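Chemist: Below is the file coords-v6.cif, which contains mmCIF, C-alpha atoms.
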data_target
loop_
_atom_site.group_PDB
_atom_site.id
_atom_site.type_symbol
_atom_site.label_atom_id
_atom_site.label_comp_id
_atom_site.auth_asym_id
_atom_site.auth_seq_id
_atom_site.Cartn_x
_atom_site.Cartn_y
_atom_site.Cartn_z
ATOM 1 C CA TRP U 1 -39.034 -2.279 2.394
ATOM 2 C CA PRO U 2 -38.477 0.819 4.530
ATOM 3 C CA THR U 3 -42.039 2.042 3.966
ATOM 4 C CA GLY U 4 -43.601 -1.366 3.373
ATOM 5 C CA PRO U 5 -44.956 -2.942 0.200
ATOM 6 C CA VAL U 6 -47.730 -1.194 -1.702
ATOM 7 C CA LYS U 7 -50.942 -3.101 -2.444
ATOM 8 C CA ALA U 8 -51.497 -3.857 -6.119
ATOM 9 C CA SER U 9 -53.628 -5.968 -8.424
ATOM 10 C CA THR U 10 -51.492 -5.144 -11.480
ATOM 11 C CA VAL U 11 -47.870 -3.996 -11.686
ATOM 12 C CA CYS U 12 -46.600 -1.726 -14.468
ATOM 13 C CA LEU U 13 -43.055 -0.598 -15.294
ATOM 14 C CA TRP U 14 -42.770 2.569 -17.387
ATOM 15 C CA ASN U 15 -39.464 2.782 -19.256
ATOM 16 C CA GLN U 16 -38.185 6.360 -19.176
ATOM 17 C CA GLY U 17 -34.500 5.416 -19.178
ATOM 18 C CA ALA U 18 -31.709 5.361 -21.757
ATOM 19 C CA TYR U 19 -31.930 1.595 -22.299
ATOM 20 C CA ALA U 20 -34.203 -1.290 -23.188
ATOM 21 C CA LEU U 21 -35.873 -2.644 -20.054
ATOM 22 C CA GLU U 22 -36.958 -6.086 -18.895
ATOM 23 C CA TYR U 23 -38.268 -7.212 -15.530
ATOM 24 C CA LYS U 24 -39.053 -10.198 -13.348
ATOM 25 C CA ILE U 25 -41.494 -10.507 -10.475
ATOM 26 C CA ARG U 26 -40.317 -12.735 -7.633
ATOM 27 C CA ASP U 27 -42.082 -14.102 -4.579
ATOM 28 C CA ALA U 28 -40.494 -12.133 -1.716
ATOM 29 C CA ARG U 29 -40.450 -15.220 0.535
ATOM 30 C CA THR U 30 -39.296 -18.027 -1.797
ATOM 31 C CA TRP U 31 -37.671 -15.900 -4.564
ATOM 32 C CA TRP U 32 -39.410 -17.954 -7.258
ATOM 33 C CA VAL U 33 -39.946 -16.059 -10.505
ATOM 34 C CA VAL U 34 -43.731 -15.858 -10.919
ATOM 35 C CA ALA U 35 -43.650 -13.723 -14.074
ATOM 36 C CA GLN U 36 -41.200 -12.051 -16.406
ATOM 37 C CA VAL U 37 -41.413 -9.595 -19.282
ATOM 38 C CA SER U 38 -38.971 -9.446 -22.192
ATOM 39 C CA GLN U 39 -37.147 -6.257 -23.136
ATOM 40 C CA TYR U 40 -38.960 -3.168 -24.397
ATOM 41 C CA PRO U 41 -37.800 0.371 -25.239
ATOM 42 C CA ASN U 42 -38.367 3.882 -23.867
ATOM 43 C CA PRO U 43 -41.129 5.203 -23.617
ATOM 44 C CA GLN U 44 -43.159 2.002 -23.501
ATOM 45 C CA THR U 45 -44.927 0.514 -20.465
ATOM 46 C CA ARG U 46 -45.528 -3.166 -19.721
ATOM 47 C CA CYS U 47 -47.898 -4.494 -17.070
ATOM 48 C CA THR U 48 -48.435 -7.789 -15.263
ATOM 49 C CA ALA U 49 -51.778 -8.763 -13.736
ATOM 50 C CA LEU U 50 -50.694 -10.581 -10.579
ATOM 51 C CA GLY U 51 -53.971 -12.454 -10.153
ATOM 52 C CA GLN U 52 -53.445 -14.186 -13.505
ATOM 53 C CA GLN U 53 -50.153 -15.746 -12.402
ATOM 54 C CA ALA U 54 -50.118 -19.316 -11.125
ATOM 55 C CA GLY U 55 -50.137 -19.713 -7.358
ATOM 56 C CA VAL U 56 -50.586 -16.039 -6.473
ATOM 57 C CA ASP U 57 -52.895 -15.447 -3.489
ATOM 58 C CA ASP U 58 -54.174 -12.350 -1.716
ATOM 59 C CA GLY U 59 -51.644 -10.998 0.775
ATOM 60 C CA GLU U 60 -48.538 -12.403 -0.927
ATOM 61 C CA GLU U 61 -45.606 -10.024 -1.248
ATOM 62 C CA PHE U 62 -43.448 -9.675 -4.343
ATOM 63 C CA SER U 63 -40.275 -7.921 -5.427
ATOM 64 C CA ILE U 64 -39.789 -6.506 -8.913
ATOM 65 C CA TRP U 65 -36.330 -6.897 -10.425
ATOM 66 C CA ALA U 66 -35.739 -4.500 -13.339
ATOM 67 C CA THR U 67 -32.820 -4.931 -15.738
ATOM 68 C CA ALA U 68 -31.378 -2.305 -18.046
ATOM 69 C CA VAL U 69 -30.307 -4.520 -20.943
ATOM 70 C CA ALA U 70 -26.475 -4.600 -21.107
ATOM 71 C CA GLY U 71 -26.422 -2.880 -17.709
ATOM 72 C CA LYS U 72 -27.428 -3.260 -14.086
ATOM 73 C CA THR U 73 -30.296 -5.044 -12.365
ATOM 74 C CA VAL U 74 -32.082 -3.269 -9.519
ATOM 75 C CA THR U 75 -35.203 -3.781 -7.452
ATOM 76 C CA THR U 76 -37.988 -1.224 -7.426
ATOM 77 C CA ASP U 77 -37.943 1.090 -4.415
ATOM 78 C CA ARG U 78 -41.132 -0.509 -3.081
ATOM 79 C CA GLY U 79 -42.249 -4.098 -3.119
ATOM 80 C CA VAL U 80 -45.878 -4.997 -3.792
ATOM 81 C CA GLU U 81 -48.511 -6.959 -1.924
ATOM 82 C CA TYR U 82 -51.159 -8.613 -4.085
ATOM 83 C CA SER U 83 -54.769 -7.676 -3.456
ATOM 84 C CA GLN U 84 -57.499 -8.481 -5.941
ATOM 85 C CA SER U 85 -59.310 -5.252 -5.069
ATOM 86 C CA ALA U 86 -56.213 -3.026 -5.184
ATOM 87 C CA PRO U 87 -55.429 -0.591 -8.028
ATOM 88 C CA VAL U 88 -52.746 -0.700 -10.689
ATOM 89 C CA VAL U 89 -49.299 0.240 -9.344
ATOM 90 C CA THR U 90 -46.721 1.840 -11.623
ATOM 91 C CA PHE U 91 -42.960 2.215 -11.261
ATOM 92 C CA LYS U 92 -41.046 4.687 -13.422
ATOM 93 C CA CYS U 93 -37.571 3.562 -14.497
ATOM 94 C CA THR U 94 -35.034 6.280 -15.320
ATOM 95 C CA GLY U 95 -31.269 6.760 -15.646
ATOM 96 C CA SER U 96 -28.709 4.935 -17.751
ATOM 97 C CA THR U 97 -27.647 1.301 -18.037
ATOM 98 C CA THR U 98 -25.365 1.680 -15.003
ATOM 99 C CA LEU U 99 -27.540 4.179 -13.085
ATOM 100 C CA ILE U 100 -30.975 2.626 -13.501
ATOM 101 C CA GLN U 101 -33.549 3.274 -10.790
ATOM 102 C CA CYS U 102 -37.228 2.341 -10.680
ATOM 103 C CA ASN U 103 -39.408 4.327 -8.305
ATOM 104 C CA TYR U 104 -43.036 4.093 -7.256
ATOM 105 C CA LEU U 105 -45.487 6.555 -8.819
ATOM 106 C CA PRO U 106 -48.962 7.503 -7.561
ATOM 107 C CA TRP U 107 -51.288 4.662 -8.488
ATOM 108 C CA GLY U 108 -52.136 4.189 -12.117
ATOM 109 C CA SER U 109 -49.869 7.042 -13.279
ATOM 110 C CA VAL U 110 -48.511 5.955 -16.659
ATOM 111 C CA GLY U 111 -46.977 8.543 -18.945
ATOM 112 C CA GLY U 112 -48.302 11.288 -16.697
ATOM 113 C CA ALA U 113 -51.965 10.223 -17.033
ATOM 114 C CA GLN U 114 -54.232 8.159 -14.852
ATOM 115 C CA ALA U 115 -54.862 4.621 -16.102
ATOM 116 C CA SER U 116 -57.553 2.279 -14.877
ATOM 117 C CA PRO U 117 -56.714 -1.388 -14.202
ATOM 118 C CA LEU U 118 -58.349 -2.322 -17.525
ATOM 119 C CA GLU U 119 -56.372 0.299 -19.438
ATOM 120 C CA ALA U 120 -53.118 -0.789 -17.848
ATOM 121 C CA ALA U 121 -53.849 -4.450 -18.520
ATOM 122 C CA ALA U 122 -54.511 -3.618 -22.170
ATOM 123 C CA ALA U 123 -50.936 -2.345 -22.449
ATOM 124 C CA ALA U 124 -49.494 -5.472 -20.898
ATOM 125 C CA ALA U 125 -47.085 -7.632 -22.821
ATOM 126 C CA PRO U 126 -47.654 -11.385 -22.669
ATOM 127 C CA VAL U 127 -46.083 -12.773 -19.505
ATOM 128 C CA GLU U 128 -43.647 -15.606 -19.945
ATOM 129 C CA LEU U 129 -43.530 -18.108 -17.102
ATOM 130 C CA PRO U 130 -40.068 -19.648 -16.653
ATOM 131 C CA PRO U 131 -39.502 -23.357 -15.995
ATOM 132 C CA LEU U 132 -39.066 -23.289 -12.216
ATOM 133 C CA ALA U 133 -37.148 -26.552 -12.001
ATOM 134 C CA GLU U 134 -34.774 -25.822 -14.871
ATOM 135 C CA ALA U 135 -31.167 -26.532 -13.941
ATOM 136 C CA SER U 136 -29.578 -24.238 -16.581
ATOM 137 C CA PRO U 137 -26.103 -23.215 -15.319
ATOM 138 C CA MET U 138 -26.013 -25.904 -12.630
ATOM 139 C CA GLU U 139 -25.278 -28.524 -15.270
ATOM 140 C CA ALA U 140 -21.835 -26.982 -15.535
ATOM 141 C CA ALA U 141 -21.247 -27.590 -11.833
ATOM 142 C CA ALA U 142 -21.133 -31.378 -11.849
ATOM 143 C CA ALA U 143 -17.719 -31.417 -10.210
ATOM 144 C CA ALA U 144 -17.422 -32.283 -6.507
ATOM 145 C CA PRO U 145 -18.853 -29.535 -4.295
ATOM 146 C CA LEU U 146 -16.636 -27.343 -2.187
ATOM 147 C CA VAL U 147 -16.659 -27.507 1.575
ATOM 148 C CA ALA U 148 -18.433 -24.485 3.032
ATOM 149 C CA ALA U 149 -19.354 -23.241 6.490
ATOM 150 C CA PRO U 150 -21.857 -20.948 8.192
ATOM 151 C CA LEU U 151 -21.602 -17.266 7.384
ATOM 152 C CA ALA U 152 -23.232 -14.033 8.427
ATOM 153 C CA GLY U 153 -25.598 -12.728 5.756
ATOM 154 C CA TYR U 154 -25.160 -9.399 3.997
ATOM 155 C CA PRO U 155 -28.128 -9.163 1.613
ATOM 156 C CA GLN U 156 -28.276 -5.829 -0.178
ATOM 157 C CA TRP U 157 -32.049 -6.023 -0.516
ATOM 158 C CA GLY U 158 -34.853 -7.921 1.159
ATOM 159 C CA GLN U 159 -34.415 -11.151 3.026
ATOM 160 C CA PRO U 160 -31.913 -13.986 2.452
ATOM 161 C CA VAL U 161 -33.130 -16.762 0.166
ATOM 162 C CA SER U 162 -33.322 -20.302 1.550
ATOM 163 C CA ALA U 163 -30.724 -22.686 0.067
ATOM 164 C CA SER U 164 -29.099 -26.055 0.621
ATOM 165 C CA ARG U 165 -26.503 -25.447 -2.102
ATOM 166 C CA VAL U 166 -25.154 -22.255 -3.646
ATOM 167 C CA CYS U 167 -23.644 -21.736 -7.084
ATOM 168 C CA VAL U 168 -21.848 -18.740 -8.580
ATOM 169 C CA TRP U 169 -22.079 -18.489 -12.369
ATOM 170 C CA ASN U 170 -19.363 -16.405 -14.044
ATOM 171 C CA LYS U 171 -20.801 -14.361 -16.917
ATOM 172 C CA GLY U 172 -18.513 -11.367 -16.493
ATOM 173 C CA GLY U 173 -15.432 -10.028 -18.245
ATOM 174 C CA TYR U 174 -12.988 -11.545 -15.752
ATOM 175 C CA ALA U 175 -11.910 -14.670 -13.877
ATOM 176 C CA LEU U 176 -13.535 -14.862 -10.457
ATOM 177 C CA ASN U 177 -13.275 -16.652 -7.151
ATOM 178 C CA TYR U 178 -15.533 -16.596 -4.148
ATOM 179 C CA LYS U 179 -15.151 -16.982 -0.414
ATOM 180 C CA VAL U 180 -17.576 -18.097 2.245
ATOM 181 C CA LYS U 181 -17.147 -16.051 5.423
ATOM 182 C CA SER U 182 -18.422 -15.911 8.958
ATOM 183 C CA GLY U 183 -17.959 -12.268 9.777
ATOM 184 C CA TYR U 184 -14.532 -11.668 8.275
ATOM 185 C CA ARG U 185 -13.239 -15.213 8.897
ATOM 186 C CA VAL U 186 -12.797 -17.218 5.679
ATOM 187 C CA LEU U 187 -14.328 -20.687 6.031
ATOM 188 C CA ALA U 188 -14.220 -21.865 2.410
ATOM 189 C CA GLN U 189 -13.023 -20.538 -0.911
ATOM 190 C CA THR U 190 -12.656 -21.444 -4.570
ATOM 191 C CA SER U 191 -9.765 -20.961 -6.920
ATOM 192 C CA ASN U 192 -10.085 -18.676 -9.938
ATOM 193 C CA TYR U 193 -12.389 -19.800 -12.759
ATOM 194 C CA PRO U 194 -13.342 -18.169 -16.071
ATOM 195 C CA ASN U 195 -16.540 -17.168 -17.866
ATOM 196 C CA PRO U 196 -18.834 -19.132 -18.476
ATOM 197 C CA GLN U 197 -18.055 -21.657 -15.727
ATOM 198 C CA THR U 198 -20.068 -22.277 -12.554
ATOM 199 C CA GLN U 199 -18.816 -23.576 -9.221
ATOM 200 C CA CYS U 200 -21.019 -24.671 -6.337
ATOM 201 C CA THR U 201 -20.848 -25.236 -2.580
ATOM 202 C CA ASN U 202 -22.943 -27.952 -0.954
ATOM 203 C CA LEU U 203 -24.060 -26.574 2.402
ATOM 204 C CA ARG U 204 -25.612 -29.887 3.530
ATOM 205 C CA THR U 205 -22.203 -31.566 3.708
ATOM 206 C CA THR U 206 -20.507 -28.715 5.514
ATOM 207 C CA SER U 207 -19.403 -29.083 9.097
ATOM 208 C CA GLY U 208 -20.989 -26.583 11.467
ATOM 209 C CA VAL U 209 -23.824 -25.396 9.235
ATOM 210 C CA TYR U 210 -27.215 -25.498 10.920
ATOM 211 C CA THR U 211 -30.764 -24.868 9.809
ATOM 212 C CA GLY U 212 -31.598 -21.177 9.733
ATOM 213 C CA GLN U 213 -27.964 -20.036 9.563
ATOM 214 C CA GLU U 214 -27.527 -16.935 7.391
ATOM 215 C CA LEU U 215 -24.706 -17.079 4.867
ATOM 216 C CA ALA U 216 -22.847 -14.547 2.724
ATOM 217 C CA ILE U 217 -20.810 -15.150 -0.432
ATOM 218 C CA TRP U 218 -17.997 -12.718 -1.203
ATOM 219 C CA VAL U 219 -17.067 -12.719 -4.892
ATOM 220 C CA THR U 220 -13.846 -11.267 -6.321
ATOM 221 C CA ALA U 221 -13.196 -10.304 -9.941
ATOM 222 C CA VAL U 222 -9.501 -11.134 -10.260
ATOM 223 C CA ALA U 223 -7.508 -7.862 -10.477
ATOM 224 C CA GLY U 224 -10.718 -6.003 -9.652
ATOM 225 C CA LYS U 225 -13.369 -5.453 -6.997
ATOM 226 C CA THR U 226 -14.902 -7.735 -4.372
ATOM 227 C CA VAL U 227 -18.668 -7.700 -3.775
ATOM 228 C CA THR U 228 -21.210 -9.755 -1.866
ATOM 229 C CA THR U 229 -23.987 -11.591 -3.641
ATOM 230 C CA ASN U 230 -27.421 -10.002 -3.640
ATOM 231 C CA PRO U 231 -29.118 -11.228 -1.487
ATOM 232 C CA GLY U 232 -27.562 -13.543 1.102
ATOM 233 C CA VAL U 233 -28.760 -17.085 1.767
ATOM 234 C CA THR U 234 -30.201 -18.978 4.714
ATOM 235 C CA PHE U 235 -29.325 -22.662 5.041
ATOM 236 C CA HIS U 236 -32.078 -25.252 5.097
ATOM 237 C CA PRO U 237 -31.318 -28.918 4.312
ATOM 238 C CA LEU U 238 -34.575 -29.363 2.349
ATOM 239 C CA ALA U 239 -34.158 -26.180 0.306
ATOM 240 C CA SER U 240 -33.079 -26.005 -3.324
ATOM 241 C CA THR U 241 -29.932 -24.954 -5.146
ATOM 242 C CA VAL U 242 -29.616 -21.182 -5.506
ATOM 243 C CA THR U 243 -27.529 -19.677 -8.293
ATOM 244 C CA PHE U 244 -26.075 -16.186 -8.468
ATOM 245 C CA LYS U 245 -25.013 -14.769 -11.837
ATOM 246 C CA CYS U 246 -21.992 -12.441 -11.888
ATOM 247 C CA VAL U 247 -21.781 -9.875 -14.696
ATOM 248 C CA GLY U 248 -19.965 -6.655 -15.524
ATOM 249 C CA SER U 249 -16.251 -5.846 -15.655
ATOM 250 C CA THR U 250 -13.485 -6.099 -13.066
ATOM 251 C CA MET U 251 -14.553 -2.730 -11.637
ATOM 252 C CA THR U 252 -18.339 -3.011 -12.089
ATOM 253 C CA ILE U 253 -18.865 -6.631 -11.001
ATOM 254 C CA GLN U 254 -22.264 -7.458 -9.538
ATOM 255 C CA CYS U 255 -23.557 -10.879 -8.521
ATOM 256 C CA ASN U 256 -27.339 -11.110 -8.332
ATOM 257 C CA PHE U 257 -29.806 -13.874 -7.613
ATOM 258 C CA ASP U 258 -30.484 -15.750 -10.855
ATOM 259 C CA SER U 259 -32.438 -18.944 -10.279
ATOM 260 C CA VAL U 260 -33.647 -21.690 -7.971
ATOM 261 C CA SER U 261 -33.443 -25.301 -9.152
ATOM 262 C CA GLY U 262 -33.947 -28.798 -7.757
ATOM 263 C CA ARG U 263 -32.008 -30.029 -4.782
#
Kindly transcribe the structure held in the file into structure tokens.
Modeler:
Amino acid sequence: WPTGPVKASTVCLWNQGAYALEYKIRDARTWWVVAQVSQYPNPQTRCTALGQQAGVDDGEEFSIWATAVAGKTVTTDRGVEYSQSAPVVTFKCTGSTTLIQCNYLPWGSVGGAQASPLEAAAAAAPVELPPLAEASPMEAAAAAPLVAAPLAGYPQWGQPVSASRVCVWNKGGYALNYKVKSGYRVLAQTSNYPNPQTQCTNLRTTSGVYTGQELAIWVTAVAGKTVTTNPGVTFHPLASTVTFKCVGSTMTIQCNFDSVSGR
């Protein structure tokens, strides 16, 4: 984060946008989902008490991924660092489904009024913990993996996520293909495949890939735009499979981190 994460004991997202909102909280180092909240309308607020989530310790940093239902997913403009003694931190989400933004407010400011940690927690929706080892879309990728190679990372936010295998899940209104590049040199690529298929690249079996190498995946909506996945990945042979989900239309394609599963 340009100005660093803000310390928080509880995180709240205040929906002031033209959409229903849902959000996930991810460990900024491993990208595991530690909590998620189902969709809720404007002008409601939902809160998550970080200390009540499994495995959360003082000093850990987290990113908050907010989704405008039927629209874009963005991260809040500040990350958070958990501290048991810190106040409630609120982010206000505004805009439309394609122009959503979620910005940090002065601590505890919900609906224009100050809220104590207890008041904010009282407004919290139950937090649903996802199955961390669930394979979900990877089951569709049982075919032989593609040959990939080291690439230079182009994450749009935060740090690359560690991976031994990458998958791109097509959930958009188009056929897609993706390329693995080092700089602008194409090292591996897929052919076109439709929604809802997934194709994967096994980085462990790829010549020239070494531990710590940063990788980028360039995804093309056929007859449309090309984007990079958000974020990039870093190869580690003991890391898990990382899946990116691509949504939108040929001209609004975006491919965001979706899940981490077993190796």
Chemist: Could you jot down the atom CA of U:Gly51 to atom CA of U:Asn256 separation for me, Å, one decimal place?
Modeler: 26.7 Å
Chemist: So how far away is atom CA of U:Thr30 from atom CA of U:Val166, in Å?
Modeler: 14.9 Å
Chemist: Can you spell out as an mmCIF file with C-alpha atoms, keeping the file's coordinate frame the set of residues that the PyMOL selection byres ((chain U and resi 244) around 6) selects in the structure I just provided?
Modeler:
data_model
loop_
_atom_site.group_PDB
_atom_site.id
_atom_site.type_symbol
_atom_site.label_atom_id
_atom_site.label_comp_id
_atom_site.auth_asym_id
_atom_site.auth_seq_id
_atom_site.Cartn_x
_atom_site.Cartn_y
_atom_site.Cartn_z
ATOM 1 C CA VAL U 168 -21.848 -18.740 -8.580
ATOM 2 C CA THR U 243 -27.529 -19.677 -8.293
ATOM 3 C CA LYS U 245 -25.013 -14.769 -11.837
ATOM 4 C CA CYS U 255 -23.557 -10.879 -8.521
ATOM 5 C CA ASN U 256 -27.339 -11.110 -8.332
ATOM 6 C CA PHE U 257 -29.806 -13.874 -7.613
ATOM 7 C CA ASP U 258 -30.484 -15.750 -10.855
#
Chemist: Might you pull out every residue within 9 Å of U:Ala20, with only C-alpha atoms counted and same-chain residues fewer than 6 positions away left off, and present them as a PyMOL selection string?
Modeler: chain U and resi 39-42+67-70+97
Chemist: Write out the residues from the selection above, keeping C-alpha atoms, as an mmCIF file, keeping the file's coordinate frame.
Modeler:
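Heads up, here's the output in again-v8.cif:
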data_model
loop_
_atom_site.group_PDB
_atom_site.id
_atom_site.type_symbol
_atom_site.label_atom_id
_atom_site.label_comp_id
_atom_site.auth_asym_id
_atom_site.auth_seq_id
_atom_site.Cartn_x
_atom_site.Cartn_y
_atom_site.Cartn_z
ATOM 1 C CA GLN U 39 -37.147 -6.257 -23.136
ATOM 2 C CA TYR U 40 -38.960 -3.168 -24.397
ATOM 3 C CA PRO U 41 -37.800 0.371 -25.239
ATOM 4 C CA ASN U 42 -38.367 3.882 -23.867
ATOM 5 C CA THR U 67 -32.820 -4.931 -15.738
ATOM 6 C CA ALA U 68 -31.378 -2.305 -18.046
ATOM 7 C CA VAL U 69 -30.307 -4.520 -20.943
ATOM 8 C CA ALA U 70 -26.475 -4.600 -21.107
ATOM 9 C CA THR U 97 -27.647 1.301 -18.037
#
Chemist: Counting only C-alpha atoms, which residues of stretch 205-235 of chain U fall within 7 Å of stretch 173-176 of chain U, and what is the closest atom pair for each with its distance in Å at one decimal, ordered by chain and rising number, as a Markdown table?
Modeler:
| residue | atom | partner | partner_atom | distance |
| --- | --- | --- | --- | --- |
| U:Val219 | CA | U:Leu176 | CA | 6.9 |
| U:Thr220 | CA | U:Leu176 | CA | 5.5 |
| U:Ala221 | CA | U:Leu176 | CA | 4.6 |
| U:Val222 | CA | U:Leu176 | CA | 5.5 |
Chemist: Would you write out, as a list in words, every residue that the PyMOL selection byres ((chain U and resi 250) around 6) captures in this file?
Modeler: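 Taken over the shown coordinates, the PyMOL selection byres ((chain U and resi 250) around 6) returns Ala221, Gly224, Ser249, Met251, Thr252 and Ile253 of chain U.
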Chemist: Could you check which residues have any atom within 6 Å of (-42.3, -8.5, -8.3), counting only C-alpha atoms with coordinates taken straight from the file, and then list them as a PyMOL selection string?
Modeler: chain U and resi 25-26+62-64
Chemist: Tell me which residues the PyMOL selection byres ((chain U and resi 89) around 8) grabs here, as a list in words.
Modeler: Val6, Lys7, Ala8, Ser9, Thr10, Val11, Cys12, Pro87, Val88, Thr90, Phe91, Tyr104, Leu105, Pro106, Trp107, Gly108 and Ser109 of chain U
Chemist: Quick one: residues within 6 Å of (-21.5, -20.7, -15.4) (file frame), counting only C-alpha atoms, please, as a list in words.
Modeler: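 Residues with an atom at most 6 Å from (-21.5, -20.7, -15.4): Pro137, Trp169, Asn170, Pro196, Gln197 and Thr198 of chain U.
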Chemist: Show me, as a list in words, the residues that have an atom within 6 Å of U:Gly172 when counting only C-alpha atoms, minus same-chain residues fewer than 5 positions from it.
Modeler: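 Using only C-alpha atoms, the neighbours found are Cys246, Val247 and Gly248 of chain U.
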Chemist: Using all atoms listed in the file, which of U:Lys72, U:Arg204, U:Lys24, U:Lys181 sits nearest U:Gly232?
Modeler: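 Answer, going by the shortest atom-to-atom distance: U:Lys181.
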Chemist: So how many Å separate atom CA of U:Pro231 and atom CA of U:Ser83, to one decimal?
Modeler: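 Computing it gives 26.0 Å between the two atoms.
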Chemist: Hey, which of U:Thr205, U:Ser164, U:Thr228, U:Thr48 ends up closest to U:Val260? Count all atoms listed in the file.
Modeler: U:Ser164
Chemist: Given the choices U:Glu214, U:Asp27, U:Asp57, U:Glu81, which gets closest to U:Phe235 if the distance is worked out from all atoms listed in the file?
Modeler: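 The shortest atom-to-atom distance to U:Phe235 comes from U:Glu214.
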Chemist: Using only C-alpha atoms, find the one residue out of U:Trp32, U:Tyr19, U:Tyr210, U:Tyr193 that sits nearest to U:Asn177.
Modeler: U:Tyr193
